[in-house]
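Report on the following structure.
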Amino acid sequence: MISVRPLRLLAYAVLPLEVVLVGCLVGGVRIPAVVLGVAEVLVAGLLLVEGLAYLRLRRRGLSRRDVVAELVPGPVLRLLGHELRLLASLGRWVARRPHGTAGADGVFPHARDQAALMYGFAFVCVVETVGMSFLLARWPVVHGIVLFLDVYTVLFVLGLHAASATRPHVLAGDVLRLRQAAHVDLRIPLDRIASVRRETLFSHERADGELNLAVGAQTSVTVELAEPVDAPRLLGAPRPVRVVRVHADDPHALYKAVNEALTRVRTAPSPDRDPLPRV
């Protein structure tokens, strides 16, 4: 029997070591062959044991998704998923292919008011990258590591804006989908919404049961819920919310569409009951 918990502990120890070794190699550091050999044996052994555990869990009837969730800690999967969504958003942004809008009754972009700020951040990061390259030119190891981190930071900032631009708020059927970048994707059934109102706010104090999806430090539409919905945090911790504040490029259009959808849901005729049996 292969226990999953020791595998996770081994992965926590081996994978960071492998990342450090790769960074040293990229930076031009000479690493003794014995150290490289031991590291590669550890990684190969870990992959072999992980593969055996994967096959054993598959034979027990678990799906591929369930097996991966069993072998890899949830927070790690969520972080990897977030990074992959950011990178995918860059491609969608260039191709102008928004995410999750097919068949929607209403699409409400919300990235316009943060564009200047995000471009400014990206420009500052580029300037910092060039400056650090000159300052660290005499230390190739440090230069390589810092250059990698700086380039990734630029991609991260652009990815955040791309995710916001390609993941608008969506009203589809009886569900309102509110999103922020690649880390918040909240689906609210319309029958759980108590009220919606236009409300422009520029300051938001943290409070239990409230979720503020501000753009450019402002929200413009407030949604109050009759029943709480779960808006998981980045690492998966539950977060029940009863009030959600969001922003949209056209807040009036979002408010009007949600209000009309609520009216439609509340005034829809109830399903016909089964007819009484004939005597």
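Scheme for the structure tokens: letters A, B, ... for chains in order shown; per-chain residue numbers from 1; ligand numbers from 1 in order shown.
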
Skipping near chain neighbours, those fewer than 5 positions away, what residues fall within 8 Å of Gly74 in chain A using only C-alpha atoms, listed as a PyMOL selection string?
-> chain A and resi 69+235-236

Those residues with all heavy atoms, as a PDB file, in the first residue's frame please?
ATOM      1  N   ALA A  69      -6.378  15.381  -7.324  1.00  0.00           N
ATOM      2  CA  ALA A  69      -6.738  16.074  -6.090  1.00  0.00           C
ATOM      3  C   ALA A  69      -6.268  15.311  -4.858  1.00  0.00           C
ATOM      4  O   ALA A  69      -5.963  15.908  -3.822  1.00  0.00           O
ATOM      5  CB  ALA A  69      -8.249  16.288  -6.036  1.00  0.00           C
ATOM      6  N   LEU A 235      -6.907  30.211  -1.830  1.00  0.00           N
ATOM      7  CA  LEU A 235      -6.399  28.893  -1.491  1.00  0.00           C
ATOM      8  C   LEU A 235      -7.507  27.906  -1.156  1.00  0.00           C
ATOM      9  O   LEU A 235      -7.231  26.790  -0.705  1.00  0.00           O
ATOM     10  CB  LEU A 235      -5.413  28.989  -0.324  1.00  0.00           C
ATOM     11  CG  LEU A 235      -4.148  29.802  -0.599  1.00  0.00           C
ATOM     12  CD1 LEU A 235      -3.225  29.776   0.614  1.00  0.00           C
ATOM     13  CD2 LEU A 235      -3.414  29.284  -1.839  1.00  0.00           C
ATOM     14  N   GLY A 236      -8.760  28.296  -1.338  1.00  0.00           N
ATOM     15  CA  GLY A 236      -9.860  27.367  -1.182  1.00  0.00           C
ATOM     16  C   GLY A 236     -10.644  27.470   0.103  1.00  0.00           C
ATOM     17  O   GLY A 236     -11.624  26.744   0.278  1.00  0.00           O
TER      18      GLY A 236
END

Might you pull out every residue within 8 Å of range 164-166 of chain A, with only C-alpha atoms counted and same-chain residues fewer than 4 positions away left off, and present them as a compact mmCIF listing (two decimals) with C-alpha atoms, in the first residue's frame?
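That gives us selection-v8.txt:
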# COMPACT_ATOMS: atom_id res chain seq x y z
CA SER A 89 -5.96 35.07 -20.33
CA ARG A 92 -7.42 35.26 -24.99
CA TRP A 93 -6.67 38.98 -24.65
CA ARG A 96 -9.99 38.93 -28.31
CA ARG A 97 -11.81 35.82 -27.13
CA PRO A 98 -13.68 36.49 -23.87
CA HIS A 99 -14.21 33.61 -21.47
CA PRO A 109 -17.02 44.29 -19.01
CA HIS A 110 -15.34 45.80 -15.96
CA ALA A 111 -11.63 46.32 -16.77
CA ARG A 112 -11.70 49.76 -18.40
CA LEU A 160 -4.09 40.26 -14.15
CA ARG A 179 -15.79 37.82 -11.62
CA GLN A 180 -12.56 39.58 -10.77
CA ALA A 181 -9.33 38.80 -12.64
CA ALA A 182 -8.64 35.04 -12.46

Nearest to Asp249 in chain A by atom-to-atom distance, counting only C-alpha atoms, from A:His169, A:Arg192, A:Arg58, A:His161 |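 Nearest to Asp249 in chain A: A:His169.
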
Which of these residues is nearest to Leu87 in chain A, using only C-alpha atoms: A:Gly159, A:Glu70, A:Leu117, A:Val34?
->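 Going through A:Gly159, A:Glu70, A:Leu117, A:Val34 one by one, the smallest distance to Leu87 in chain A is for A:Gly159.
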
For range 220-225 of chain A, work out the shell of residues within 6 Å, counting only C-alpha atoms and skipping chain neighbours fewer than 5 positions away, then give it as a list in words.
->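 Near neighbours after the sequence-gap exclusion: Arg192, Ile193, Ala194, Ser195, Val196, Arg197, Arg198, Glu199, Thr200, Arg242, Val243, Val244, Arg245, Val246 and His247 of chain A.
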
Selected residues written out, all heavy atoms, as a compact mmCIF listing (two decimals), in the first residue's frame:
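This is the output file result23.txt:
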# COMPACT_ATOMS: atom_id res chain seq x y z
N ARG A 192 -31.67 33.69 -5.22
CA ARG A 192 -31.05 34.02 -3.94
C ARG A 192 -30.80 35.51 -3.77
O ARG A 192 -30.34 35.95 -2.73
CB ARG A 192 -29.72 33.29 -3.79
CG ARG A 192 -29.85 31.79 -3.60
CD ARG A 192 -28.59 31.20 -3.02
NE ARG A 192 -28.68 29.76 -2.88
CZ ARG A 192 -27.75 29.01 -2.29
NH1 ARG A 192 -26.67 29.59 -1.78
NH2 ARG A 192 -27.90 27.71 -2.20
N ILE A 193 -31.07 36.29 -4.81
CA ILE A 193 -30.84 37.73 -4.74
C ILE A 193 -32.07 38.41 -4.14
O ILE A 193 -33.18 38.29 -4.66
CB ILE A 193 -30.54 38.30 -6.14
CG1 ILE A 193 -29.25 37.67 -6.68
CG2 ILE A 193 -30.40 39.82 -6.07
CD1 ILE A 193 -28.88 38.15 -8.07
N ALA A 194 -31.85 39.14 -3.04
CA ALA A 194 -32.95 39.87 -2.40
C ALA A 194 -33.16 41.22 -3.07
O ALA A 194 -34.30 41.65 -3.26
CB ALA A 194 -32.65 40.06 -0.92
N SER A 195 -32.06 41.91 -3.42
CA SER A 195 -32.19 43.22 -4.05
C SER A 195 -30.89 43.57 -4.75
O SER A 195 -29.82 43.02 -4.44
CB SER A 195 -32.52 44.30 -3.01
OG SER A 195 -31.44 44.46 -2.07
N VAL A 196 -30.99 44.50 -5.70
CA VAL A 196 -29.83 45.02 -6.39
C VAL A 196 -30.02 46.53 -6.53
O VAL A 196 -31.14 47.00 -6.77
CB VAL A 196 -29.64 44.36 -7.77
CG1 VAL A 196 -30.86 44.54 -8.65
CG2 VAL A 196 -28.40 44.90 -8.47
N ARG A 197 -28.94 47.29 -6.35
CA ARG A 197 -29.07 48.74 -6.43
C ARG A 197 -27.79 49.37 -6.98
O ARG A 197 -26.70 48.81 -6.85
CB ARG A 197 -29.39 49.33 -5.05
CG ARG A 197 -28.31 49.11 -3.99
CD ARG A 197 -28.73 49.74 -2.66
NE ARG A 197 -27.71 49.56 -1.62
CZ ARG A 197 -27.64 48.51 -0.82
NH1 ARG A 197 -28.54 47.53 -0.93
NH2 ARG A 197 -26.70 48.44 0.09
N ARG A 198 -27.97 50.53 -7.60
CA ARG A 198 -26.83 51.34 -8.06
C ARG A 198 -26.28 52.08 -6.85
O ARG A 198 -27.00 52.80 -6.17
CB ARG A 198 -27.28 52.33 -9.12
CG ARG A 198 -27.50 51.71 -10.47
CD ARG A 198 -26.17 51.59 -11.27
NE ARG A 198 -25.72 52.88 -11.72
CZ ARG A 198 -24.65 53.54 -11.27
NH1 ARG A 198 -23.94 53.04 -10.28
NH2 ARG A 198 -24.30 54.71 -11.75
N GLU A 199 -24.99 51.90 -6.59
CA GLU A 199 -24.39 52.50 -5.41
C GLU A 199 -22.89 52.64 -5.65
O GLU A 199 -22.15 51.65 -5.61
CB GLU A 199 -24.66 51.64 -4.17
CG GLU A 199 -24.12 52.21 -2.88
CD GLU A 199 -24.40 51.31 -1.70
OE1 GLU A 199 -24.24 50.07 -1.84
OE2 GLU A 199 -24.78 51.83 -0.64
N THR A 200 -22.43 53.85 -5.92
CA THR A 200 -21.02 54.08 -6.18
C THR A 200 -20.28 54.34 -4.87
O THR A 200 -20.61 55.28 -4.15
CB THR A 200 -20.82 55.27 -7.13
OG1 THR A 200 -21.51 55.02 -8.36
CG2 THR A 200 -19.35 55.50 -7.41
N ARG A 242 -23.17 37.51 1.95
CA ARG A 242 -24.56 37.92 1.76
C ARG A 242 -24.66 39.25 1.02
O ARG A 242 -25.75 39.63 0.58
CB ARG A 242 -25.26 38.04 3.11
CG ARG A 242 -25.34 36.73 3.89
CD ARG A 242 -26.20 36.90 5.12
NE ARG A 242 -27.60 37.08 4.76
CZ ARG A 242 -28.53 36.13 4.89
NH1 ARG A 242 -28.19 34.94 5.35
NH2 ARG A 242 -29.77 36.37 4.56
N VAL A 243 -23.54 39.97 0.91
CA VAL A 243 -23.51 41.24 0.18
C VAL A 243 -22.31 41.21 -0.76
O VAL A 243 -21.19 40.90 -0.35
CB VAL A 243 -23.39 42.44 1.14
CG1 VAL A 243 -23.27 43.74 0.34
CG2 VAL A 243 -24.60 42.51 2.07
N VAL A 244 -22.56 41.51 -2.03
CA VAL A 244 -21.50 41.55 -3.03
C VAL A 244 -21.55 42.90 -3.73
O VAL A 244 -22.61 43.29 -4.26
CB VAL A 244 -21.65 40.42 -4.06
CG1 VAL A 244 -20.47 40.44 -5.03
CG2 VAL A 244 -21.75 39.06 -3.37
N ARG A 245 -20.43 43.60 -3.70
CA ARG A 245 -20.32 44.89 -4.41
C ARG A 245 -19.36 44.72 -5.59
O ARG A 245 -18.26 44.20 -5.42
CB ARG A 245 -19.82 45.97 -3.46
CG ARG A 245 -20.74 46.23 -2.27
CD ARG A 245 -20.24 47.38 -1.43
NE ARG A 245 -21.10 47.62 -0.27
CZ ARG A 245 -20.90 47.08 0.93
NH1 ARG A 245 -19.85 46.28 1.11
NH2 ARG A 245 -21.72 47.33 1.92
N VAL A 246 -19.78 45.18 -6.76
CA VAL A 246 -18.98 45.00 -7.97
C VAL A 246 -18.95 46.31 -8.75
O VAL A 246 -19.68 47.26 -8.44
CB VAL A 246 -19.54 43.87 -8.86
CG1 VAL A 246 -19.54 42.55 -8.13
CG2 VAL A 246 -20.95 44.22 -9.35
N HIS A 247 -18.09 46.32 -9.77
CA HIS A 247 -18.03 47.47 -10.66
C HIS A 247 -18.17 46.98 -12.09
O HIS A 247 -17.82 45.84 -12.41
CB HIS A 247 -16.70 48.21 -10.49
CG HIS A 247 -16.58 49.42 -11.37
ND1 HIS A 247 -17.40 50.52 -11.21
CD2 HIS A 247 -15.78 49.69 -12.42
CE1 HIS A 247 -17.08 51.43 -12.11
NE2 HIS A 247 -16.11 50.96 -12.87

Strand (DSSP E or B) call set, DSSP backbone run, range 199-253 of chain A, as an NGL selection string = :A and (199-201 or 210-213 or 215 or 218-230 or 240-246)

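Atom to atom, CA of Leu46 in chain A and CA of Ala88 in chain A stand 28.8 Å apart.
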